[in-house]
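Take a look at the structure set out below.
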Amino acid sequence: SLFSTTSSVAAASSSSSSSSPQSDKAVLLLGSSGALGSSVASHLSSLGMTVVGADVVGPPTSRAEHDLGAFVPLENPITGGGGLVGLCDGLVEGLAKLEFEEEEEDDDDSDSDSDSDSDSDSGGFKLDAILVASGGFAMDPDAGCPPSDAAETIERMMRMNYWPVVAGSVASGRFMDGEGLFVAIGAAAALAPTPGMSAYGASKAAVHHYVQTLGATTGLAVGNKARRKRALRERGRPVYLDDMTACAILPTVLDTPSNRESFPKGTDYNDWVNPDDVARELGMWIRRPHLRPHSGSLVKASAKRGRAAEQARLAGDAGGAFFTLVR
C-alpha cells in the first residue's frame, strides 16, 4: 500500500480495495470531513486512489472506512492557539508520521525479500495531488454591530478559507511528486465586489491571488515571461515545481447543507453546483494531466440549466456543471 497507518480510518481500506479499480495515485485532501470533501473523497476512492484526509473534524464514521486511506487531525484554526504556523506544522508533522510508518513497513518487507527493489530510494511517500476543500461562509455583521464583530468575521473567514490553502502549499514543498496537481476552492462571487459579505469575498480573493502567484512559479505557467522568470528566480524553483499545476475552482455556490442554511428561504438551488460535479472534474485532472488548465488558472464552475442541461442528459453526460477558464 502507499500508506501504512494505525488510524482507524484505514482499518477497512484493504477489505474494500478488491472491489475498486486499482490506481497508484495518492491524494491529500484538506477539508475531507465537509460536504465537498466527502464527495471528493468518495469519488477518488471509487477510482482506486489513496486519499489522505486532513481536517479539524474527524471523518464521518459511516464513510471513512471506504473513502480514506489515512487521516491527519488538524488543530482548529478558529479556536486553536497555534495560528497559521501551527496549522502548517501540524499538517506536515502528521504527514511525516505517515511517512515514518510507511518506511517502517518497507523495512519489514525488505527483511523478507531483500533482493526486490534493492536500488530504489523513494525517500518516503509522495503525493500526486493536494486538494484544499476546506472553507466556510459568513455574511457581514449588521451595520449597527460593534466594530469588533466585523473584525472577528474577517479573521474567521481568513482562517477558514485562506489558511488551509497556505498549509496545503507548504505541504506540497515536501511531499508533492512529479506532475503534481494543487487545487484550491475559490468563489466566483469573489471575482467582483461582494457587498454584504466582504469578509468572505476578501478571503476567497486572497485564495485566488495565492494560487495565481503559486502558479506563476511553476514550469507550466503561461503569461508574462518576464514576471515568470522573476518569480522563479525569487522562489528558487524547487524541482517539484517544474511540472506542477496549481489552479483554483470557483463555484458559483456549492449546494451543501451549510450553504442552504446560510441563504434565505426561497433561494433557487438549481443555480448551485453539486459537489459531485467538482469531484468528477478533479478526478479527471488527476488522472489525465493533459486535460488540466494551465498553472495559475482560475476555473469557474456553474450549474448547467435549461437547454444545456437537457442536452447533457440526452448525451448521457452525468456532469451537471460547466467549468470555464476565467483567468
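We name chains A, B, ... following the order of the C-alpha cells; residues begin at 1 in each chain, and ligands are numbered from 1 as shown.
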Legend entry - Test item: residues at most 9 Å from Leu44 (chain A), only C-alpha atoms, excluding those fewer than 5 positions along its chain, as a list in words: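 That gives Val27, Ser39, Met49, Thr50, Val51, Asp67, Ala279, Arg280, Leu282 and Gly283 of chain A.
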Inset, instruction - Find the spatial neighbours of Asp89 (chain A), counting only C-alpha atoms, within a cut-off of 10 Å - ignore same-chain residues fewer than 5 positions away - and output them as an MDAnalysis selection string. - result: chainID A and resid 74 82 84 94:95 167 170:171
Generate the output file for the selected residues, C-alpha atoms, as a CSV table (one decimal), in the first residue's frame.
```csv
chain,number,residue,atom,x,y,z
A,74,LEU,CA,-5.6,19.3,12.5
A,82,GLY,CA,-1.1,27.8,17.1
A,84,LEU,CA,-1.2,29.7,10.8
A,94,GLY,CA,1.0,14.5,10.5
A,95,LEU,CA,2.1,13.6,7.0
A,167,ALA,CA,-0.9,24.9,4.7
A,170,VAL,CA,3.6,24.3,2.5
A,171,ALA,CA,3.0,20.5,2.4
```
For Phe175 (chain A), work out the shell of residues within 12 Å, counting only C-alpha atoms and skipping chain neighbours fewer than 6 positions away, then give it as a PDB file with C-alpha atoms, in the first residue's frame.
```pdb
ATOM      1  CA  ALA A  26      -2.086   9.360  -3.774  1.00  0.00           C
ATOM      2  CA  VAL A  27      -4.038  12.489  -2.851  1.00  0.00           C
ATOM      3  CA  LEU A  28      -4.020  14.773   0.191  1.00  0.00           C
ATOM      4  CA  LEU A  91      -0.199  19.129   8.722  1.00  0.00           C
ATOM      5  CA  VAL A  92       3.435  18.499   7.796  1.00  0.00           C
ATOM      6  CA  GLU A  93       4.119  16.636  11.030  1.00  0.00           C
ATOM      7  CA  GLY A  94       1.018  14.496  10.542  1.00  0.00           C
ATOM      8  CA  LEU A  95       2.079  13.561   7.024  1.00  0.00           C
ATOM      9  CA  ALA A  96       5.632  12.922   8.222  1.00  0.00           C
ATOM     10  CA  LEU A  98       2.538   8.540   7.994  1.00  0.00           C
ATOM     11  CA  GLU A  99       5.790   8.689   6.035  1.00  0.00           C
ATOM     12  CA  SER A 122      11.743   6.691  -2.542  1.00  0.00           C
ATOM     13  CA  GLY A 123      12.611   8.974   0.361  1.00  0.00           C
ATOM     14  CA  GLY A 124       9.130   8.383   1.751  1.00  0.00           C
ATOM     15  CA  PHE A 125       5.744   8.591   0.090  1.00  0.00           C
ATOM     16  CA  LYS A 126       4.862  11.213  -2.454  1.00  0.00           C
ATOM     17  CA  LEU A 127       1.563  12.872  -3.302  1.00  0.00           C
ATOM     18  CA  ASP A 128       0.183  13.191  -6.808  1.00  0.00           C
ATOM     19  CA  ALA A 129      -2.302  15.883  -5.801  1.00  0.00           C
ATOM     20  CA  ILE A 130      -3.121  18.218  -2.935  1.00  0.00           C
ATOM     21  CA  GLY A 168      -1.504  22.760   1.635  1.00  0.00           C
ATOM     22  CA  SER A 169       1.070  24.715  -0.321  1.00  0.00           C
ATOM     23  CA  LEU A 181      -1.653  18.952  -9.008  1.00  0.00           C
ATOM     24  CA  PHE A 182      -2.541  21.607  -6.430  1.00  0.00           C
ATOM     25  CA  VAL A 239      12.291  20.586  -8.650  1.00  0.00           C
ATOM     26  CA  TYR A 240       8.678  19.666  -7.837  1.00  0.00           C
ATOM     27  CA  LEU A 241       7.508  22.996  -9.292  1.00  0.00           C
TER      28      LEU A 241
END
```
Inset, instruction - Write out as a PyMOL selection string all residues of region 56-295 of chain A that DSSP puts in strand (DSSP E) for this structure's backbone. - result: chain A and resi 70-73+127-132+176-185+245-251
Please produce a file of the residues just selected, as a tab-separated table (two decimals), in the first residue's frame, where the atoms kept are N, CA, C and O atoms.
```tsv
chain	number	residue	atom	x	y	z
A	70	ALA	N	-6.01	7.16	5.06
A	70	ALA	CA	-5.39	7.65	6.29
A	70	ALA	C	-6.02	9.00	6.62
A	70	ALA	O	-6.69	9.60	5.77
A	71	PHE	N	-5.82	9.46	7.84
A	71	PHE	CA	-6.41	10.73	8.26
A	71	PHE	C	-5.45	11.46	9.18
A	71	PHE	O	-4.87	10.87	10.09
A	72	VAL	N	-5.27	12.76	8.92
A	72	VAL	CA	-4.42	13.62	9.75
A	72	VAL	C	-5.31	14.63	10.47
A	72	VAL	O	-5.90	15.51	9.83
A	73	PRO	N	-5.45	14.53	11.79
A	73	PRO	CA	-6.26	15.52	12.53
A	73	PRO	C	-5.52	16.85	12.62
A	73	PRO	O	-4.30	16.89	12.85
A	127	LEU	N	2.95	12.58	-2.97
A	127	LEU	CA	1.56	12.87	-3.30
A	127	LEU	C	1.45	13.30	-4.76
A	127	LEU	O	2.26	14.09	-5.24
A	128	ASP	N	0.44	12.78	-5.43
A	128	ASP	CA	0.18	13.19	-6.81
A	128	ASP	C	-0.68	14.44	-6.87
A	128	ASP	O	-0.67	15.14	-7.89
A	129	ALA	N	-1.43	14.70	-5.81
A	129	ALA	CA	-2.30	15.88	-5.80
A	129	ALA	C	-2.55	16.32	-4.37
A	129	ALA	O	-2.61	15.50	-3.45
A	130	ILE	N	-2.69	17.62	-4.20
A	130	ILE	CA	-3.12	18.22	-2.94
A	130	ILE	C	-4.34	19.08	-3.26
A	130	ILE	O	-4.26	20.02	-4.05
A	131	LEU	N	-5.47	18.72	-2.66
A	131	LEU	CA	-6.73	19.41	-2.90
A	131	LEU	C	-7.20	20.06	-1.62
A	131	LEU	O	-7.26	19.41	-0.58
A	132	VAL	N	-7.53	21.33	-1.68
A	132	VAL	CA	-7.96	22.07	-0.49
A	132	VAL	C	-9.46	22.36	-0.62
A	132	VAL	O	-9.88	23.28	-1.32
A	176	MET	N	5.04	16.69	-2.60
A	176	MET	CA	4.50	16.62	-3.96
A	176	MET	C	5.43	15.87	-4.89
A	176	MET	O	6.64	16.10	-4.92
A	177	ASP	N	4.86	14.98	-5.69
A	177	ASP	CA	5.61	14.21	-6.67
A	177	ASP	C	5.62	14.96	-8.00
A	177	ASP	O	5.03	16.03	-8.14
A	178	GLY	N	6.28	14.37	-8.99
A	178	GLY	CA	6.32	14.95	-10.33
A	178	GLY	C	4.94	14.98	-10.95
A	178	GLY	O	4.08	14.15	-10.66
A	179	GLU	N	4.71	15.96	-11.84
A	179	GLU	CA	3.41	16.18	-12.47
A	179	GLU	C	2.30	16.34	-11.43
A	179	GLU	O	1.18	15.87	-11.60
A	180	GLY	N	2.63	17.00	-10.32
A	180	GLY	CA	1.68	17.18	-9.24
A	180	GLY	C	0.58	18.17	-9.58
A	180	GLY	O	0.71	19.00	-10.49
A	181	LEU	N	-0.50	18.06	-8.82
A	181	LEU	CA	-1.65	18.95	-9.01
A	181	LEU	C	-2.02	19.56	-7.66
A	181	LEU	O	-2.22	18.84	-6.68
A	182	PHE	N	-2.11	20.89	-7.63
A	182	PHE	CA	-2.54	21.61	-6.43
A	182	PHE	C	-3.79	22.40	-6.79
A	182	PHE	O	-3.76	23.24	-7.69
A	183	VAL	N	-4.90	22.11	-6.10
A	183	VAL	CA	-6.16	22.79	-6.40
A	183	VAL	C	-6.77	23.32	-5.12
A	183	VAL	O	-6.90	22.60	-4.12
A	184	ALA	N	-7.15	24.58	-5.14
A	184	ALA	CA	-7.89	25.20	-4.04
A	184	ALA	C	-9.30	25.55	-4.53
A	184	ALA	O	-9.54	25.67	-5.73
A	185	ILE	N	-10.20	25.71	-3.57
A	185	ILE	CA	-11.57	26.11	-3.92
A	185	ILE	C	-11.75	27.59	-3.63
A	185	ILE	O	-11.64	28.03	-2.48
A	245	THR	N	0.99	21.70	-11.57
A	245	THR	CA	-0.10	22.60	-11.95
A	245	THR	C	-0.81	23.09	-10.69
A	245	THR	O	-1.24	22.28	-9.87
A	246	ALA	N	-0.90	24.39	-10.53
A	246	ALA	CA	-1.64	24.99	-9.41
A	246	ALA	C	-2.79	25.81	-9.98
A	246	ALA	O	-2.58	26.66	-10.84
A	247	CYS	N	-3.99	25.52	-9.53
A	247	CYS	CA	-5.15	26.25	-10.03
A	247	CYS	C	-6.25	26.25	-8.98
A	247	CYS	O	-6.13	25.60	-7.94
A	248	ALA	N	-7.31	26.98	-9.25
A	248	ALA	CA	-8.44	27.06	-8.32
A	248	ALA	C	-9.74	26.86	-9.08
A	248	ALA	O	-9.88	27.31	-10.23
A	249	ILE	N	-10.68	26.17	-8.45
A	249	ILE	CA	-12.03	26.04	-8.97
A	249	ILE	C	-12.92	27.01	-8.21
A	249	ILE	O	-12.92	27.02	-6.98
A	250	LEU	N	-13.68	27.81	-8.96
A	250	LEU	CA	-14.50	28.87	-8.38
A	250	LEU	C	-15.98	28.56	-8.61
A	250	LEU	O	-16.55	28.94	-9.64
A	251	PRO	N	-16.63	27.85	-7.71
A	251	PRO	CA	-18.06	27.59	-7.89
A	251	PRO	C	-18.88	28.87	-7.71
A	251	PRO	O	-18.48	29.79	-7.01
```
Legend entry - Residue with smallest distance to Val56 (chain A) - pool A:Ser42, A:Val85, A:Gly90, A:Glu152, counting only C-alpha atoms: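 Looking only at the distances to Val56 (chain A), the closest residue turns out to be A:Gly90.
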Inset, instruction - Going by DSSP on the backbone, which bits of region 66-205 of chain A are helix (DSSP H, G or I)? Write them as an NGL selection string, please. - result: :A and (66-67 or 83-112 or 147-175 or 188-191 or 198-205)
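One finds CA of Arg260 (chain A) at 17.9 Å from CA of Met157 (chain A).
Of note, CA of Asp242 (chain A) and CA of Ser172 (chain A) are spaced 12.8 Å apart.
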Inset, instruction - Report the distance between CA of Ser33 (chain A) and CA of Asp55 (chain A) in Å, rounded to one decimal place. - result: 6.3 Å
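Here the question is which of A:Ala216, A:Ala41, A:Leu30, A:Met284 gets nearest to Met160 (chain A) using only C-alpha atoms, and that residue is A:Leu30.
Excluding Ser198 (chain A) and any residue on its chain fewer than 5 positions from it, the residues at most 8 Å away by only C-alpha atoms are Met139, Asp140, Ile154 and Pro193 of chain A.
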Inset, instruction - Kindly indicate which residue among A:Ala199, A:Ala133, A:Ala35, A:Met244 lies nearest to Arg292 (chain A), using only C-alpha atoms for the distances. - result: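 Closest residue, counting only C-alpha atoms: A:Met244.
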